[in-house]
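**Q** Once you've had a glance at the structure underneath, I'll fire off some questions.
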Amino acid sequence: MTSPIPTVTLNDGTSLPAIGLGTYKLKGASGVAAATSALDLGYRLLDSAYNYENEGTIGQAVRASGVPREEILVTSKLPGRHYHYDHAIETVYESLYRTGLEYLDLYLLHWPNPKNGLFVEAWRALVEMQRRGVLKSIGVCNFLPEHLERVIEDSGVTPVLNQIELHPYWPQAEQRLANEQLGVATESWSPLGRSTGLLDEPVIVELARILGRTPAQVVLRWHVQLGAIPLPKSLHPERQRENLDVFDFALSDEQMNEVSSLSRPHGRLWDQDPAQYEEY
Ligand code: A2P
């Protein structure tokens with residue numbers, strides 16, 4: 001039995017569980033089985049995206065699970081190719097259709113794509129869809145501080161959260177602080193460093209031994225104590241359970257610093273700097 005999952009209050013008054021399930025590459029029948037297993041284990045926040053092509057999978061898992069719809073928070077994300085206002089509105093409706101759900105709990109702009117300059121227009125569309133009641137909460141991903149400031153200034157509506165690449169190789173202290181100062185919560189994508197050797201780092205393995213936990217739990221606990229909401233992805237129920245079980249122990253300040261010492265000057269795993277990187 002894992003400890004209850006704490007919640008985080010967002011700037012629009014809604015709340016999110018302090019951890020969620022990443023669903024990148026989780027598709028089809030095996031994806032439905034994995035997401036249903038996660039819901040059975042106690043996950044309540046599912047993170048999908050239009051570009052993951054798994055909104056149908058996630059919607060099906062919500063229906064297949066015995067968990068009431070209103071207890072589950074489903075996230076999706078708008079791809080950059082649909083940032084023109086009218087396309088954005090249509091695409092949100094298409095996301096809804098694909099999930100088969102009546103509303104989505106959280107909808108995010110997937111990348112700022114600053115060179116094509118449409119993220120402000122796309123944000124206006126999310127504000128409108130929230131007004132229509134189709135989206136409960138709206139936010140962004142991969143936004144640098146200047147992108148956050150632009151949408152807030154234009155619309156007067158502050159994103160509830162910013163989902164960013166965050167793991168011990170790339171702790172993002174400045175971006176986290178900027179989010180916090182604007183009242184924007186932080187979610188972590190690739191929180192476990194997506195199988196790049198992070199969980200085999202001697203620092204992490206040694207902390208896991210000292211604490212009697214697993215390397216993944218040490219890293220996820222580090223996220224929680226930073227105040228970020230990690231979205232670990234796993235297909236396997238045993239790992240899903242392990243990843244959820246991080247609320248009954250703590251890292252000391254010194255242990256937090258040891259994990260953060262893995263930080264690298266160019267720590268982004270796929271060189272996806274939102275100032276340059278474009279994704280459609
Ligand atoms: P799998 O889905 O086979 O369990 P991230 O969330 O950083 O993107 O990392 C996801 C990767 O980490 C996936 O390859 C996943 O594999 C693996 N993973 C998830 N949870 C654990 C865990 N507790 N221990 C080891 N590897 C894990």
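Here, A, B, ... name the chains of the structure tokens in the order displayed, residue numbers run from 1 inside each chain, and ligands are numbered from 1 in the same displayed order.
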Grab me every residue within 7 Å of ligand 1, counting only C-alpha atoms and all ligand atoms, and send it over as a list of chain:residue names.
**A**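 Based on only C-alpha atoms and all ligand atoms, ligand 1 is surrounded within 7 Å by A:Gly22, A:Trp189, A:Ser190, A:Pro191, A:Leu192, A:Gly193, A:Arg194, A:Ser195, A:Ala216, A:Gln217, A:Leu231, A:Pro232, A:Lys233, A:Ser234, A:Leu235, A:His236, A:Arg239, A:Gln240, A:Glu242, A:Asn243.
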**Q** Would you list the contacts of A:Gly156 as a list in words, taking every protein, DNA or RNA residue within 12 Å and counting only C-alpha atoms, but skipping same-chain residues closer than 4 positions in sequence?
**A**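 Result of the neighbour search: Val120, Trp123, Arg124, Val127, Leu148, Glu149, Arg150, Val151 and Ile152 of chain A.
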**Q** So that I can see what lies close to A:Ala64, please list as a PyMOL selection string the residues with an atom at most 9 Å from it, counting only C-alpha atoms and leaving out residues fewer than 5 positions away in the same chain.
**A** chain A and resi 32+36+59
**Q** Just the residues within 9 Å of A:Val92, please, counting only C-alpha atoms, with nothing from its chain fewer than 4 positions along; format it as a list in words.
**A**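 Those residues are Ser76, Lys77, Leu78, His87, Ala88, Leu96, Tyr97, Tyr107, Leu126, Met129, Val134 and Leu135 of chain A.
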**Q** If you keep N, CA and C atoms, can you produce a file of those selected residues as a CSV table (one decimal), in the first residue's frame?
**A**
chain,number,residue,atom,x,y,z
A,76,SER,N,-3.8,16.9,-22.4
A,76,SER,CA,-3.3,16.8,-23.7
A,76,SER,C,-2.6,18.1,-24.1
A,77,LYS,N,-2.1,18.1,-25.3
A,77,LYS,CA,-1.2,19.2,-25.7
A,77,LYS,C,-1.5,19.5,-27.2
A,78,LEU,N,-1.4,20.8,-27.5
A,78,LEU,CA,-1.7,21.3,-28.9
A,78,LEU,C,-0.3,21.4,-29.6
A,87,HIS,N,-7.5,27.0,-36.3
A,87,HIS,CA,-7.0,25.6,-36.2
A,87,HIS,C,-6.9,25.1,-34.8
A,88,ALA,N,-6.5,26.0,-33.9
A,88,ALA,CA,-6.3,25.6,-32.5
A,88,ALA,C,-7.6,25.2,-31.9
A,96,LEU,N,-10.7,16.3,-28.1
A,96,LEU,CA,-11.8,15.8,-27.3
A,96,LEU,C,-12.5,14.6,-27.9
A,97,TYR,N,-12.7,14.7,-29.3
A,97,TYR,CA,-13.3,13.6,-30.0
A,97,TYR,C,-12.4,12.3,-29.9
A,107,TYR,N,-5.0,21.4,-20.7
A,107,TYR,CA,-4.6,21.4,-22.1
A,107,TYR,C,-3.4,22.4,-22.2
A,126,LEU,N,-6.8,28.8,-26.4
A,126,LEU,CA,-7.0,28.0,-25.2
A,126,LEU,C,-7.8,28.7,-24.2
A,129,MET,N,-11.3,28.3,-25.3
A,129,MET,CA,-11.8,27.0,-25.0
A,129,MET,C,-12.1,26.7,-23.5
A,134,VAL,N,-14.8,23.6,-22.2
A,134,VAL,CA,-14.3,22.4,-22.7
A,134,VAL,C,-13.0,22.0,-22.1
A,135,LEU,N,-12.2,23.0,-21.6
A,135,LEU,CA,-10.9,22.7,-21.0
A,135,LEU,C,-11.1,23.3,-19.5
**Q** For A:Tyr280, which of A:Gly80, A:Gly56, A:Gly28, A:Gly20 is the closest residue, counting only C-alpha atoms?
**A**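 Closest residue, counting only C-alpha atoms: A:Gly80.
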